[in-house]
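Structure record follows, encoded as structure tokens.
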Amino acid sequence: MKKFDKERVLLAVAGPVIALAVAFVLSAIVLIASGKNPVEPFALMLEQAGFSDIQVLIINQASLYYIAALAVAIGFRMNLFNIGVDGQYQLGAFMAAVVGAHANLPAFLQVPLLLLTAVLTGAFWSGIAGVLKVTRGVSEVVATIMLNAIATSLIVYMWKPDVFGVKVGNNSTTGEMHESGWIPGIDMGAAGEIYGLVVLAALLGIGYWVVLNRTRFGFDLRASGASESAAAASGVDPKRMVLTAMLISGGLAGLAGLPILMGDTHTYSLNFPTGVGFLGIGIALLGRNSPVGIAFASLLWAWLDKASPELDYHGFDKEIAVIMQGLIVLSVVVSYEAVREWGLRRQQRRVGAELAAGHVLGATDNSKKEVAGR
């Protein structure tokens, strides 16, 4: 491996490693300050990861996080901050649940219909922010935050019994989906079932990498994110790329809730997971927008979620996992900037050394020519 390649790998790995190390140290300090053992909670959670049923829960939860983080990463690659992934995720899952409860087609038609419903709903919702940005210059951050609130209110309205809602006790639901829209899981025996759409999450990760790194569209997307003016000079329409990136990001976000919807709950209710889109932001940052990095970050986040309840039984607050997640996000921002500055300084020193070496070599050649001329 070339020296330059080794440095790129080192820079890519250093950020997440430093962020995790700092987060664990700061979490330990919080535990010490509260009079708790700083090591035991982590040991307990690591022990939980060895149980097969917890492993199944971690994989299932990670599938939701992974798709949501991919949606965020698409925006990041375009230098867009789609903070509305959570609203797009919830609205996409809700509309898929409604269609699944009212349409009863054969499975080979029902499943694609639900997937398409989720994608189009998420894309439509993010597309509003995209259109506002390219036509009126409205920040996608402001627009998507507002759209998150609107999405929540819209779901509450559609939950009304005279719209799409079905009351089950004190719980508001969309009614149970027809079985033709259920996706069978991977049976792990006593450990439970892995969601069937975990496969979809993996395929989306592969597709994300191929599109961004092996297609002209992916190159245009990354170029526009790096410099709109440079991309425009090469014939790329920056506004079109902004809108396209927002549509793709929203479409992926709409799919984030389908693994649990089609593989477990079969309805959208008050118990449906919330905040997945916001967690996707931290996961995408930790994974450096790489599909492999995001996969590891998703598993880490899911492990913190599913292993932390055990802490309650040993006198520890399970919120330590939430504290750690927050510290990871903060550490990621700081460590990535530190690593970026370090890499920039190394590059400047290398270029300076090469220029100095070239100057010395040139001076030597000139001296030899002068001697030969005499």
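Ordering of the structure tokens sets the chain letters (A, B, ...); residue numbers start at 1 within each chain; ligands are numbered from 1 in the order shown.
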For this session: Pick out the residues sitting within 8 Å of Ser269 (chain A), and hand them over as a VMD selection string; count only C-alpha atoms, and ignore anything fewer than 4 positions along from it in its own chain.
Result: chain A and resid 171 to 174
For this session: Determine, counting only C-alpha atoms, which protein, DNA and RNA residues have an atom within 12 Å of an atom of region 206-222 of chain A; residues of the same chain fewer than 3 positions away are not included. Present the result as a PyMOL selection string.
Result: chain A and resi 66-67+69-80+199-203+225-228+230-246+248-249+252+289-295
For this session: From a DSSP calculation on the backbone, collect every residue of region 9-122 of chain A in alpha helix (DSSP H) and output the set as a PyMOL selection string.
Result: chain A and resi 9-33+40-48+52-77+85-102+107-122
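Neighbours of Ala297 (chain A) closer than or equal to 8 Å, with only C-alpha atoms counted and sequence neighbours fewer than 6 positions away skipped, come out as Ile283, Ala284, Leu286 and Gly287 of chain A.
Taking only C-alpha atoms into account, Gln48 (chain A) lies nearest to A:Ala307 out of the set A:Met262, A:Ala33, A:Ala307, A:Ala223.
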Exercise. Counting only C-alpha atoms, which of A:Ile145, A:Leu255, A:Leu31, A:Val85 gets nearest to Leu114 (chain A)?
Worked result: A:Leu255
For this session: Do a neighbour search on region 116-131 of chain A at 9 Å with only C-alpha atoms, toss out local chain neighbours closer than 2 positions, and write the hits as a ChimeraX atom specification.
Result: /A:82,84-85,87-96,99,111-114,133-144,147,151,239,242-258
Problem set entry | Backbone-only DSSP, strand (DSSP E) members of region 153-299 of chain A, as a PyMOL selection string | chain A and resi 166-168+171-173+186-187+193-194
For this session: Show which residues sit within 7 Å of region 18-30 of chain A, as number ranges by chain. Count only C-alpha atoms, and ignore same-chain residues fewer than 5 positions away.
Result: A: 38, 324, 327-328, 331-332, 335
Exercise. Excluding same-chain residues fewer than 2 positions from Leu261 (chain A), what lies within 9 Å of it counting only C-alpha atoms, as number ranges by chain?
Worked result: A: 93, 96-97, 182, 257-259, 263-268, 272
